[in-house]
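Quick look at data24.cif (mmCIF, C-alpha atoms):
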data_model
loop_
_atom_site.label_atom_id
_atom_site.label_comp_id
_atom_site.auth_asym_id
_atom_site.auth_seq_id
_atom_site.Cartn_x
_atom_site.Cartn_y
_atom_site.Cartn_z
CA MET C 1 19.52 9.22 -9.04
CA ILE C 2 18.63 5.75 -7.81
CA SER C 3 15.49 3.72 -8.46
CA VAL C 4 13.95 1.93 -5.51
CA LYS C 5 12.46 -1.49 -6.27
CA ASP C 6 9.43 -1.76 -3.96
CA ILE C 7 7.71 -0.51 -0.85
CA ALA C 8 8.85 -2.19 2.36
CA PHE C 9 6.51 -1.07 5.14
CA VAL C 10 4.22 1.69 6.35
CA ARG C 11 4.59 3.43 9.69
CA TYR C 12 1.81 4.75 11.94
CA GLN C 13 1.52 6.23 15.43
CA ALA C 14 -1.38 5.15 17.64
CA THR C 15 -2.51 5.49 21.22
CA ASP C 16 -3.18 1.75 21.68
CA LEU C 17 -0.91 -0.92 20.21
CA GLY C 18 -3.18 -3.73 21.35
CA LEU C 19 -6.19 -2.33 19.55
CA MET C 20 -4.19 -1.87 16.35
CA GLU C 21 -2.95 -5.46 16.57
CA THR C 22 -6.47 -6.80 17.07
CA PHE C 23 -7.76 -5.04 13.95
CA MET C 24 -4.78 -5.82 11.76
CA SER C 25 -4.95 -9.48 12.80
CA ASP C 26 -8.56 -9.57 11.59
CA PHE C 27 -7.35 -7.76 8.45
CA GLY C 28 -4.82 -10.53 7.77
CA LEU C 29 -1.47 -9.56 9.36
CA TYR C 30 0.54 -11.28 12.10
CA ARG C 31 2.75 -10.04 14.92
CA ILE C 32 6.46 -10.58 14.31
CA ALA C 33 7.77 -8.32 17.11
CA ARG C 34 6.40 -6.05 19.81
CA THR C 35 8.00 -3.82 22.43
CA ASP C 36 6.49 -1.37 24.88
CA GLN C 37 6.82 1.31 22.21
CA ALA C 38 6.28 -0.37 18.84
CA LEU C 39 4.39 -3.14 17.05
CA TYR C 40 5.72 -4.89 13.93
CA LEU C 41 3.36 -6.95 11.77
CA ARG C 42 4.10 -9.28 8.88
CA SER C 43 2.10 -10.61 5.95
CA SER C 44 1.96 -14.23 4.85
CA GLY C 45 4.69 -13.44 2.32
CA PRO C 46 8.46 -13.39 2.89
CA ALA C 47 8.87 -9.75 3.97
CA HIS C 48 10.07 -9.46 7.57
CA HIS C 49 7.33 -6.91 8.34
CA CYS C 50 5.10 -4.57 6.37
CA HIS C 51 3.25 -2.56 9.04
CA ILE C 52 4.73 -0.66 12.00
CA THR C 53 2.81 1.13 14.74
CA GLU C 54 4.62 3.31 17.26
CA LEU C 55 2.96 4.18 20.56
CA GLY C 56 2.16 7.87 20.94
CA GLU C 57 -0.29 10.43 22.25
CA THR C 58 -1.98 11.00 18.87
CA ASN C 59 -3.15 8.80 15.99
CA VAL C 60 -1.25 9.87 12.88
CA THR C 61 0.53 8.53 9.82
CA LEU C 62 4.30 8.85 10.09
CA GLY C 63 6.01 7.49 6.99
CA PHE C 64 7.10 4.39 5.13
CA GLY C 65 10.04 2.27 4.02
CA LEU C 66 11.30 1.55 0.50
CA HIS C 67 13.60 -1.21 -0.74
CA ALA C 68 16.84 -0.15 -2.44
CA GLN C 69 18.23 -2.35 -5.19
CA SER C 70 21.70 -2.46 -3.61
CA GLU C 71 23.76 -1.16 -0.72
CA ALA C 72 25.67 0.92 -3.25
CA ASP C 73 22.42 2.74 -3.99
CA LEU C 74 22.15 3.63 -0.30
CA HIS C 75 25.59 5.24 -0.41
CA GLN C 76 24.60 7.15 -3.54
CA LEU C 77 21.33 8.32 -1.98
CA ALA C 78 22.64 9.41 1.42
CA PRO C 79 24.38 12.68 0.41
CA GLU C 80 21.47 13.57 -1.89
CA VAL C 81 19.07 13.64 1.09
CA GLY C 82 21.56 14.92 3.69
CA SER C 83 21.75 11.64 5.59
CA GLN C 84 24.05 8.67 6.03
CA VAL C 85 24.05 4.90 5.67
CA GLU C 86 23.56 3.22 9.03
CA ASP C 87 22.74 -0.15 10.52
CA ASN C 88 18.98 -0.54 10.74
CA PRO C 89 18.20 -0.86 14.47
CA GLU C 90 14.66 -2.13 13.93
CA PRO C 91 13.67 -5.81 13.65
CA GLY C 92 14.89 -7.37 10.42
CA GLY C 93 18.15 -5.44 10.40
CA GLY C 94 20.01 -4.57 7.22
CA LYS C 95 21.20 -1.09 6.28
CA ARG C 96 19.15 2.05 5.89
CA VAL C 97 19.18 5.71 4.91
CA ARG C 98 16.64 7.67 6.97
CA PHE C 99 15.38 11.16 6.06
CA ARG C 100 12.33 13.41 5.88
CA ASP C 101 10.83 14.02 2.47
CA PRO C 102 9.75 17.59 1.51
CA MET C 103 6.28 16.92 2.94
CA GLY C 104 7.63 15.76 6.30
CA PHE C 105 7.06 12.00 5.90
CA LEU C 106 9.71 9.86 7.58
CA VAL C 107 11.29 7.69 4.87
CA ASP C 108 13.60 4.72 5.39
CA VAL C 109 15.29 3.36 2.28
CA ILE C 110 16.61 -0.06 3.27
CA HIS C 111 18.66 -2.92 1.89
CA GLY C 112 19.61 -6.33 3.26
CA GLN C 113 16.66 -6.74 5.59
CA ALA C 114 16.01 -10.32 6.72
CA THR C 115 13.26 -12.31 5.06
CA LEU C 116 11.05 -15.02 6.54
CA PRO C 117 9.51 -18.29 5.29
CA GLU C 118 6.08 -17.79 3.80
CA LEU C 119 3.20 -18.72 6.08
CA PRO C 120 0.96 -21.60 4.91
CA HIS C 121 -1.83 -20.46 2.59
CA ARG C 122 -4.04 -21.84 -0.13
CA GLU C 123 -3.24 -21.37 -3.80
CA PRO C 124 -5.23 -18.81 -5.80
CA LEU C 125 -8.42 -20.42 -7.01
CA LEU C 126 -8.73 -21.77 -10.51
CA VAL C 127 -11.90 -20.42 -12.09
CA ASN C 128 -14.34 -21.67 -14.72
CA PRO C 129 -15.33 -18.67 -16.86
CA ALA C 130 -17.75 -19.11 -19.75
CA THR C 131 -14.76 -19.70 -22.03
CA GLY C 132 -11.37 -21.14 -21.09
CA ARG C 133 -12.37 -23.52 -18.29
CA ALA C 134 -9.53 -24.15 -15.82
CA ARG C 135 -10.99 -26.11 -12.85
CA PHE C 136 -11.79 -29.75 -13.61
CA GLY C 137 -13.12 -32.19 -11.02
CA LYS C 138 -12.34 -29.80 -8.16
CA VAL C 139 -14.76 -27.92 -5.93
CA VAL C 140 -14.43 -24.59 -4.11
CA ARG C 141 -15.06 -24.78 -0.37
CA LEU C 142 -13.95 -21.78 1.70
CA LYS C 143 -14.55 -21.05 5.36
CA PRO C 144 -14.90 -17.65 7.09
CA GLN C 145 -11.47 -16.26 7.94
CA PRO C 146 -9.31 -13.17 7.41
CA SER C 147 -7.93 -12.42 3.98
CA THR C 148 -4.50 -13.88 3.22
CA VAL C 149 -2.39 -10.74 2.88
CA MET C 150 0.68 -11.65 0.84
CA ARG C 151 2.41 -8.27 0.76
CA LEU C 152 2.15 -4.53 1.11
CA GLY C 153 1.44 -3.15 -2.35
CA HIS C 154 1.37 0.65 -2.18
CA ALA C 155 0.84 3.82 -0.18
CA ALA C 156 -1.16 6.82 -1.36
CA LEU C 157 -0.02 10.16 0.08
CA LEU C 158 -2.03 13.36 0.41
CA VAL C 159 0.45 16.22 -0.02
CA THR C 160 0.20 19.97 0.37
CA ASP C 161 2.64 20.70 -2.49
CA PHE C 162 1.95 18.26 -5.30
CA PRO C 163 4.59 19.55 -7.77
CA LYS C 164 7.31 19.43 -5.11
CA ALA C 165 6.37 15.91 -4.00
CA LEU C 166 6.21 14.65 -7.59
CA ASP C 167 9.60 16.18 -8.38
CA PHE C 168 11.22 14.68 -5.30
CA TYR C 169 10.01 11.13 -5.80
CA THR C 170 10.80 11.05 -9.50
CA ARG C 171 14.11 12.89 -9.32
CA VAL C 172 15.57 11.40 -6.13
CA LEU C 173 14.05 7.92 -5.84
CA GLY C 174 13.44 7.02 -9.48
CA PHE C 175 9.64 6.71 -9.48
CA ARG C 176 7.90 7.06 -12.84
CA PRO C 177 4.26 8.11 -13.42
CA SER C 178 1.99 5.38 -14.76
CA ASP C 179 -1.15 7.54 -14.80
CA THR C 180 -1.96 11.07 -13.69
CA TYR C 181 -5.13 13.02 -12.94
CA HIS C 182 -5.75 16.66 -13.81
CA ALA C 183 -8.36 19.21 -12.76
CA GLY C 184 -9.59 21.49 -15.52
CA HIS C 185 -6.68 21.98 -17.94
CA PRO C 186 -4.68 18.82 -18.76
CA ASP C 187 -1.52 20.54 -17.52
CA ASN C 188 -3.06 21.13 -14.08
CA LYS C 189 -2.06 17.76 -12.66
CA ILE C 190 -3.14 17.02 -9.12
CA ALA C 191 -2.38 13.29 -8.70
CA ALA C 192 0.16 10.77 -9.94
CA PHE C 193 0.16 6.99 -9.64
CA MET C 194 3.84 6.03 -9.78
CA HIS C 195 5.70 2.78 -10.41
CA CYS C 196 9.30 1.97 -9.53
CA GLY C 197 11.49 2.97 -12.47
CA LEU C 198 12.99 -0.41 -13.30
CA GLY C 199 13.40 -0.08 -17.06
CA SER C 200 11.83 -2.95 -19.00
CA GLN C 201 11.10 -4.97 -15.84
CA TRP C 202 7.38 -5.40 -15.15
CA THR C 203 6.26 -3.94 -11.83
CA ASP C 204 3.09 -2.79 -10.05
CA HIS C 205 1.13 -0.02 -11.75
CA HIS C 206 1.69 2.05 -8.62
CA THR C 207 3.88 1.57 -5.58
CA LEU C 208 3.44 5.17 -4.47
CA ALA C 209 0.73 7.69 -5.30
CA VAL C 210 0.87 11.41 -4.53
CA ILE C 211 -2.37 13.39 -4.47
CA ALA C 212 -2.96 17.09 -3.81
CA SER C 213 -4.30 17.34 -0.28
CA PRO C 214 -7.86 18.67 -0.03
CA ASP C 215 -7.50 19.84 3.57
CA GLY C 216 -3.99 21.30 3.82
CA THR C 217 -2.44 18.34 5.64
CA ASN C 218 0.22 15.84 4.70
CA ARG C 219 -0.94 12.32 5.55
CA PHE C 220 -1.77 8.95 4.06
CA ASP C 221 -4.92 8.70 2.01
CA HIS C 222 -4.63 4.92 2.33
CA THR C 223 -2.25 1.99 2.35
CA ALA C 224 -2.96 -1.14 0.33
CA PHE C 225 -2.22 -4.84 0.84
CA GLU C 226 -2.31 -7.53 -1.84
CA VAL C 227 -4.34 -10.67 -1.19
CA LEU C 228 -4.67 -13.96 -3.07
CA ASP C 229 -7.64 -13.45 -5.39
CA LEU C 230 -11.17 -12.06 -5.63
CA ASP C 231 -12.59 -14.72 -3.32
CA ASP C 232 -9.99 -13.72 -0.75
CA VAL C 233 -11.03 -10.05 -1.01
CA VAL C 234 -14.70 -10.89 -0.43
CA GLN C 235 -14.00 -13.57 2.17
CA GLY C 236 -11.92 -11.10 4.19
CA SER C 237 -14.60 -8.44 3.80
CA GLU C 238 -17.27 -10.72 5.18
CA PHE C 239 -15.01 -11.71 8.08
CA LEU C 240 -14.33 -8.07 9.00
CA LYS C 241 -18.07 -7.40 8.93
CA THR C 242 -18.62 -10.13 11.52
CA LYS C 243 -16.09 -8.37 13.76
CA GLU C 244 -18.04 -5.09 13.34
CA TRP C 245 -15.10 -3.08 12.03
CA LYS C 246 -15.87 0.00 9.92
CA HIS C 247 -16.22 -0.53 6.19
CA SER C 248 -15.32 2.34 3.85
CA TRP C 249 -15.95 1.26 0.23
CA GLY C 250 -16.04 -1.82 -1.98
CA VAL C 251 -15.92 -4.41 -3.33
CA GLY C 252 -15.19 -2.92 -6.77
CA ARG C 253 -12.67 -2.58 -9.59
CA HIS C 254 -10.56 0.54 -10.06
CA ILE C 255 -9.78 2.18 -13.39
CA GLN C 256 -6.20 3.33 -12.81
CA GLY C 257 -4.36 0.12 -11.94
CA SER C 258 -7.45 -2.08 -12.49
CA GLN C 259 -7.28 -3.55 -8.96
CA LEU C 260 -10.21 -5.35 -7.41
CA PHE C 261 -10.51 -3.46 -4.12
CA ASP C 262 -12.14 -3.28 -0.71
CA TYR C 263 -11.46 -0.45 1.77
CA TRP C 264 -11.73 -0.49 5.57
CA ARG C 265 -10.95 1.87 8.46
CA ASP C 266 -8.61 0.80 11.23
CA PRO C 267 -9.70 1.71 14.80
CA PHE C 268 -7.92 5.09 14.51
CA GLY C 269 -9.63 6.16 11.29
CA HIS C 270 -6.88 5.26 8.80
CA LYS C 271 -8.06 3.80 5.49
CA VAL C 272 -6.57 0.42 4.50
CA GLU C 273 -7.24 -1.57 1.36
CA HIS C 274 -7.33 -5.22 0.35
CA TRP C 275 -6.65 -5.62 -3.37
CA THR C 276 -5.89 -8.20 -6.02
CA ASP C 277 -5.43 -8.44 -9.82
CA GLY C 278 -3.58 -5.18 -10.44
CA ASP C 279 -1.95 -4.03 -13.68
CA LEU C 280 1.75 -4.47 -14.38
CA VAL C 281 3.68 -1.76 -16.22
CA ASN C 282 7.24 -0.84 -17.13
CA ASP C 283 9.01 2.33 -18.22
CA ASP C 284 7.80 1.83 -21.81
CA THR C 285 4.11 1.75 -20.85
CA PRO C 286 2.27 4.87 -22.11
CA VAL C 287 1.37 7.36 -19.35
CA GLY C 288 -2.31 8.30 -19.08
CA ASN C 289 -3.65 11.69 -17.97
CA ASP C 290 -7.37 11.84 -17.14
CA HIS C 291 -9.73 14.38 -15.63
CA ILE C 292 -10.36 13.74 -11.94
CA SER C 293 -13.91 12.78 -10.94
CA ASN C 294 -15.64 10.29 -8.70
CA GLU C 295 -16.45 8.22 -11.78
CA GLU C 296 -12.73 7.84 -12.45
CA LEU C 297 -12.30 5.87 -9.23
CA ARG C 298 -14.20 2.77 -10.31
CA GLN C 299 -15.24 0.66 -13.25
CA TRP C 300 -17.84 -0.98 -11.00
CA ALA C 301 -18.47 -0.74 -7.28
CA PRO C 302 -21.18 0.26 -4.81
CA PRO C 303 -22.02 3.99 -4.76
CA LEU C 304 -19.44 6.25 -3.19
CA ASN C 305 -20.33 8.05 0.02
CA PRO C 306 -18.67 11.01 1.80
CA GLU C 307 -17.07 8.66 4.36
CA PHE C 308 -14.56 7.45 1.79
CA PHE C 309 -13.10 10.96 1.46
CA ALA C 310 -13.01 11.70 5.20
#
Same coordinates, now as structure tokens:
Amino acid sequence: MISVKDIAFVRYQATDLGLMETFMSDFGLYRIARTDQALYLRSSGPAHHCHITELGETNVTLGFGLHAQSEADLHQLAPEVGSQVEDNPEPGGGKRVRFRDPMGFLVDVIHGQATLPELPHREPLLVNPATGRARFGKVVRLKPQPSTVMRLGHAALLVTDFPKALDFYTRVLGFRPSDTYHAGHPDNKIAAFMHCGLGSQWTDHHTLAVIASPDGTNRFDHTAFEVLDLDDVVQGSEFLKTKEWKHSWGVGRHIQGSQLFDYWRDPFGHKVEHWTDGDLVNDDTPVGNDHISNEELRQWAPPLNPEFFA
């Protein structure tokens, strides 16, 4: 078994690359490469790209990429998934192992992909809470603009066979549950928020989540992109409102992972999230198991509506 170290990118199919680029630009991403058949978008961080859209006749979620810790891990993984190590033909290069997971998602585990200089961005704001002041003699003056997306943080998958998906990602790719949800009996688990199994190293509360599908399809529930701070979440939300894109839910704070969040729909109906201030865990962090309910999705936020679950 290997343990991947992070998520690399998410992959979609859409009928209009230009429309996807327009929305994702307003969301905070930038074009790094485009062909007649595919669009590659980067964040302001060093990753070569974090969002891929392939041109097609339908609008669907295809899969995602994960970062291996070493090329040796690729060679260890390849026979386990019935694949091989090959040169990555997509922008950014490096090596990859490509396969389908048990749910049919296209997965690329990559190593050695090129990185880029960070794009210019402001520093996270110092704040002056009631205790522990941190900003002295400095003012906050922000202007309307997209959020500064620094990286892709996680993907949440709706799966038709939750036990099989959980087994695969823990057994083959080294993910470890941080928190789980159950329905009814505590043993009836239906969702798992999973971190990369990196031992004592601190890492995101979840890089991948698997959730029992409510409609018998395998697809993304959402993909999530980390921004600078709370002001950046709200600033980006207000900017997207001026562009008349479709809001889904937020701003709020989650329970599992603690992220400050804001959800939007891209032009093809896919749910995408801005987030900041998430929990860090390691393999020694106790694993929670809570009963699933709408109230478990937020510590505070506007009321949920059926659109969020569409």
Explicit residue set for the PyMOL selection byres ((chain C and resi 80-89) around 9), as a VMD selection string: chain C and resid 1 71 74 to 79 90 to 101 110 113 172
Just give me the gap between atom CA of His154 of chain C and atom CA of Ala114 of chain C in Å, one decimal is fine.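 If I compute the distance from atom CA of His154 of chain C to atom CA of Ala114 of chain C, I get 20.3 Å.
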With all atoms listed in the file as the basis for distance, which of C:Asp179, C:Cys196, C:Ile32, C:Asn188 is at the shortest distance from Ala68 of chain C?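 For Ala68 of chain C, the nearest of the candidates is C:Cys196.
You can rank C:His270, C:Arg171, C:Arg42, C:Arg298 by their closest distance to Gly250 of chain C using only C-alpha atoms, and at the top of that list sits C:Arg298.
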Please indicate the distance in Å from atom CA of His185 of chain C to atom CA of Ile211 of chain C, rounded to one decimal place. 16.5 Å
What is the atom CA of Gly104 of chain C to atom CA of Gly56 of chain C distance in Å?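 Interatomic distance, atom CA of Gly104 of chain C to atom CA of Gly56 of chain C: 17.5 Å.
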Using all atoms listed in the file, which residues sit within 12 Å of Met20 of chain C once same-chain residues fewer than 2 positions away are excluded, as an mmCIF file with C-alpha atoms, in the coordinates of the input?
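Output (selection05.cif):
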data_model
loop_
_atom_site.group_PDB
_atom_site.id
_atom_site.type_symbol
_atom_site.label_atom_id
_atom_site.label_comp_id
_atom_site.auth_asym_id
_atom_site.auth_seq_id
_atom_site.Cartn_x
_atom_site.Cartn_y
_atom_site.Cartn_z
ATOM 1 C CA TYR C 12 1.810 4.750 11.940
ATOM 2 C CA GLN C 13 1.520 6.230 15.430
ATOM 3 C CA ALA C 14 -1.380 5.150 17.640
ATOM 4 C CA THR C 15 -2.510 5.490 21.220
ATOM 5 C CA ASP C 16 -3.180 1.750 21.680
ATOM 6 C CA LEU C 17 -0.910 -0.920 20.210
ATOM 7 C CA GLY C 18 -3.180 -3.730 21.350
ATOM 8 C CA THR C 22 -6.470 -6.800 17.070
ATOM 9 C CA PHE C 23 -7.760 -5.040 13.950
ATOM 10 C CA MET C 24 -4.780 -5.820 11.760
ATOM 11 C CA SER C 25 -4.950 -9.480 12.800
ATOM 12 C CA ASP C 26 -8.560 -9.570 11.590
ATOM 13 C CA PHE C 27 -7.350 -7.760 8.450
ATOM 14 C CA LEU C 29 -1.470 -9.560 9.360
ATOM 15 C CA TYR C 30 0.540 -11.280 12.100
ATOM 16 C CA ARG C 31 2.750 -10.040 14.920
ATOM 17 C CA ARG C 34 6.400 -6.050 19.810
ATOM 18 C CA ALA C 38 6.280 -0.370 18.840
ATOM 19 C CA LEU C 39 4.390 -3.140 17.050
ATOM 20 C CA TYR C 40 5.720 -4.890 13.930
ATOM 21 C CA LEU C 41 3.360 -6.950 11.770
ATOM 22 C CA HIS C 51 3.250 -2.560 9.040
ATOM 23 C CA ILE C 52 4.730 -0.660 12.000
ATOM 24 C CA THR C 53 2.810 1.130 14.740
ATOM 25 C CA GLU C 54 4.620 3.310 17.260
ATOM 26 C CA LEU C 55 2.960 4.180 20.560
ATOM 27 C CA ASN C 59 -3.150 8.800 15.990
ATOM 28 C CA TRP C 245 -15.100 -3.080 12.030
ATOM 29 C CA ARG C 265 -10.950 1.870 8.460
ATOM 30 C CA ASP C 266 -8.610 0.800 11.230
ATOM 31 C CA PRO C 267 -9.700 1.710 14.800
ATOM 32 C CA PHE C 268 -7.920 5.090 14.510
ATOM 33 C CA GLY C 269 -9.630 6.160 11.290
ATOM 34 C CA HIS C 270 -6.880 5.260 8.800
#
Fewer than 5 positions away in the same chain doesn't count, so skip those; otherwise give me all residues within 9 Å of Leu66 of chain C, counting all atoms listed in the file, as a PyMOL selection string. chain C and resi 4-9+107-111
Hey, could you make a per-residue contact list for segment 229-276 of chain C against segment 129-147 of chain C with 6 Å as the cut-off, showing the nearest pair of atoms and its distance in Å to one decimal, counting all atoms listed in the file, sorted by chain and number, as a tab-separated table?
residue	atom	partner	partner_atom	distance
C:Asp232	CA	C:Ser147	CA	5.3
C:Gly236	CA	C:Ser147	CA	4.2
C:Phe239	CA	C:Gln145	CA	5.8
Residues selected by the PyMOL selection byres ((chain C and resi 274) around 12), written as a PyMOL selection string: chain C and resi 24+27-29+146-154+222-237+240+247-253+259-265+271-273+275-278
Please provide as a PDB file with C-alpha atoms, in the coordinates of the input all residues within 8 Å of Leu198 of chain C, with the sequence filter that same-chain residues fewer than 3 positions apart are discarded (counting all atoms listed in the file).
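Final file, out-v9.pdb:
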ATOM      1  CA  SER C   3      15.490   3.720  -8.460  1.00  0.00           C
ATOM      2  CA  LYS C   5      12.460  -1.490  -6.270  1.00  0.00           C
ATOM      3  CA  GLN C 201      11.100  -4.970 -15.840  1.00  0.00           C
ATOM      4  CA  TRP C 202       7.380  -5.400 -15.150  1.00  0.00           C
ATOM      5  CA  THR C 203       6.260  -3.940 -11.830  1.00  0.00           C
ATOM      6  CA  ASN C 282       7.240  -0.840 -17.130  1.00  0.00           C
ATOM      7  CA  ASP C 283       9.010   2.330 -18.220  1.00  0.00           C
TER       8      ASP C 283
END
Of the residues C:His48, C:His291, C:Lys164, C:Arg11, which is the one nearest to Gly65 of chain C, using all atoms listed in the file? C:Arg11
Using the chain letters and residue numbers of this document, give as an NGL selection string the residues selected by the PyMOL selection byres ((chain C and resi 296) around 12). :C and (179-182 or 253-258 or 289-295 or 297-301 or 304)
Compile a residue-level contact table for segment 15-92 of chain C against segment 156-159 of chain C at a cut-off of 12 Å, reporting for every qualifying residue the shortest atom pair and its distance in Å to one decimal, with only C-alpha atoms counted, rows ordered by chain and ascending number, as a tab-separated table.
residue	atom	partner	partner_atom	distance
C:Thr61	CA	C:Leu157	CA	9.9
C:Leu62	CA	C:Leu157	CA	11.0
C:Gly63	CA	C:Leu157	CA	9.6
C:Phe64	CA	C:Leu157	CA	10.5
Can you work out which one of C:Thr115, C:Gly184, C:Arg176, C:Lys241 has the shortest atom-to-atom distance to Ala209 of chain C, counting all atoms listed in the file? C:Arg176
Have a look at C:Asn128, C:Phe309, C:Gly45, C:Pro177 and name the one nearest to Pro286 of chain C; count only C-alpha atoms.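 Comparing C:Asn128, C:Phe309, C:Gly45, C:Pro177 against Pro286 of chain C, the winner is C:Pro177.
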Kindly reconstruct segment 227-246 of chain C with N, CA and C atoms and present the result as a PDB file, in the frame of the given file.
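Saved the output as part-v6.pdb:
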ATOM      1  N   VAL C 227      -3.857  -9.380  -1.663  1.00  0.00           N
ATOM      2  CA  VAL C 227      -4.340 -10.670  -1.190  1.00  0.00           C
ATOM      3  C   VAL C 227      -4.388 -11.641  -2.368  1.00  0.00           C
ATOM      4  N   LEU C 228      -4.836 -12.873  -2.105  1.00  0.00           N
ATOM      5  CA  LEU C 228      -4.670 -13.960  -3.070  1.00  0.00           C
ATOM      6  C   LEU C 228      -5.476 -13.784  -4.352  1.00  0.00           C
ATOM      7  N   ASP C 229      -6.754 -13.471  -4.231  1.00  0.00           N
ATOM      8  CA  ASP C 229      -7.640 -13.450  -5.390  1.00  0.00           C
ATOM      9  C   ASP C 229      -8.948 -12.776  -4.984  1.00  0.00           C
ATOM     10  N   LEU C 230      -9.898 -12.725  -5.913  1.00  0.00           N
ATOM     11  CA  LEU C 230     -11.170 -12.060  -5.630  1.00  0.00           C
ATOM     12  C   LEU C 230     -11.914 -12.724  -4.479  1.00  0.00           C
ATOM     13  N   ASP C 231     -11.934 -14.056  -4.441  1.00  0.00           N
ATOM     14  CA  ASP C 231     -12.590 -14.720  -3.320  1.00  0.00           C
ATOM     15  C   ASP C 231     -11.986 -14.306  -1.991  1.00  0.00           C
ATOM     16  N   ASP C 232     -10.668 -14.106  -1.983  1.00  0.00           N
ATOM     17  CA  ASP C 232      -9.990 -13.720  -0.750  1.00  0.00           C
ATOM     18  C   ASP C 232     -10.362 -12.296  -0.345  1.00  0.00           C
ATOM     19  N   VAL C 233     -10.551 -11.400  -1.316  1.00  0.00           N
ATOM     20  CA  VAL C 233     -11.030 -10.050  -1.010  1.00  0.00           C
ATOM     21  C   VAL C 233     -12.390 -10.113  -0.333  1.00  0.00           C
ATOM     22  N   VAL C 234     -13.321 -10.852  -0.947  1.00  0.00           N
ATOM     23  CA  VAL C 234     -14.700 -10.890  -0.430  1.00  0.00           C
ATOM     24  C   VAL C 234     -14.770 -11.678   0.865  1.00  0.00           C
ATOM     25  N   GLN C 235     -14.024 -12.769   0.943  1.00  0.00           N
ATOM     26  CA  GLN C 235     -14.000 -13.570   2.170  1.00  0.00           C
ATOM     27  C   GLN C 235     -13.509 -12.734   3.345  1.00  0.00           C
ATOM     28  N   GLY C 236     -12.433 -11.966   3.130  1.00  0.00           N
ATOM     29  CA  GLY C 236     -11.920 -11.100   4.190  1.00  0.00           C
ATOM     30  C   GLY C 236     -12.894 -10.007   4.551  1.00  0.00           C
ATOM     31  N   SER C 237     -13.606  -9.482   3.539  1.00  0.00           N
ATOM     32  CA  SER C 237     -14.600  -8.440   3.800  1.00  0.00           C
ATOM     33  C   SER C 237     -15.717  -8.959   4.685  1.00  0.00           C
ATOM     34  N   GLU C 238     -16.200 -10.145   4.369  1.00  0.00           N
ATOM     35  CA  GLU C 238     -17.270 -10.720   5.180  1.00  0.00           C
ATOM     36  C   GLU C 238     -16.796 -11.015   6.598  1.00  0.00           C
ATOM     37  N   PHE C 239     -15.544 -11.448   6.740  1.00  0.00           N
ATOM     38  CA  PHE C 239     -15.010 -11.710   8.080  1.00  0.00           C
ATOM     39  C   PHE C 239     -14.927 -10.431   8.893  1.00  0.00           C
ATOM     40  N   LEU C 240     -14.425  -9.336   8.282  1.00  0.00           N
ATOM     41  CA  LEU C 240     -14.330  -8.070   9.000  1.00  0.00           C
ATOM     42  C   LEU C 240     -15.706  -7.544   9.398  1.00  0.00           C
ATOM     43  N   LYS C 241     -16.705  -7.802   8.563  1.00  0.00           N
ATOM     44  CA  LYS C 241     -18.070  -7.400   8.930  1.00  0.00           C
ATOM     45  C   LYS C 241     -18.533  -8.112  10.184  1.00  0.00           C
ATOM     46  N   THR C 242     -18.201  -9.400  10.327  1.00  0.00           N
ATOM     47  CA  THR C 242     -18.620 -10.130  11.520  1.00  0.00           C
ATOM     48  C   THR C 242     -17.951  -9.592  12.775  1.00  0.00           C
ATOM     49  N   LYS C 243     -16.807  -8.957  12.618  1.00  0.00           N
ATOM     50  CA  LYS C 243     -16.090  -8.370  13.760  1.00  0.00           C
ATOM     51  C   LYS C 243     -16.534  -6.927  14.022  1.00  0.00           C
ATOM     52  N   GLU C 244     -17.441  -6.424  13.191  1.00  0.00           N
ATOM     53  CA  GLU C 244     -18.040  -5.090  13.340  1.00  0.00           C
ATOM     54  C   GLU C 244     -17.022  -3.963  13.222  1.00  0.00           C
ATOM     55  N   TRP C 245     -15.996  -4.171  12.371  1.00  0.00           N
ATOM     56  CA  TRP C 245     -15.100  -3.080  12.030  1.00  0.00           C
ATOM     57  C   TRP C 245     -15.774  -2.185  10.994  1.00  0.00           C
ATOM     58  N   LYS C 246     -15.231  -1.011  10.762  1.00  0.00           N
ATOM     59  CA  LYS C 246     -15.870   0.000   9.920  1.00  0.00           C
ATOM     60  C   LYS C 246     -15.472  -0.168   8.463  1.00  0.00           C
TER      61      LYS C 246
END
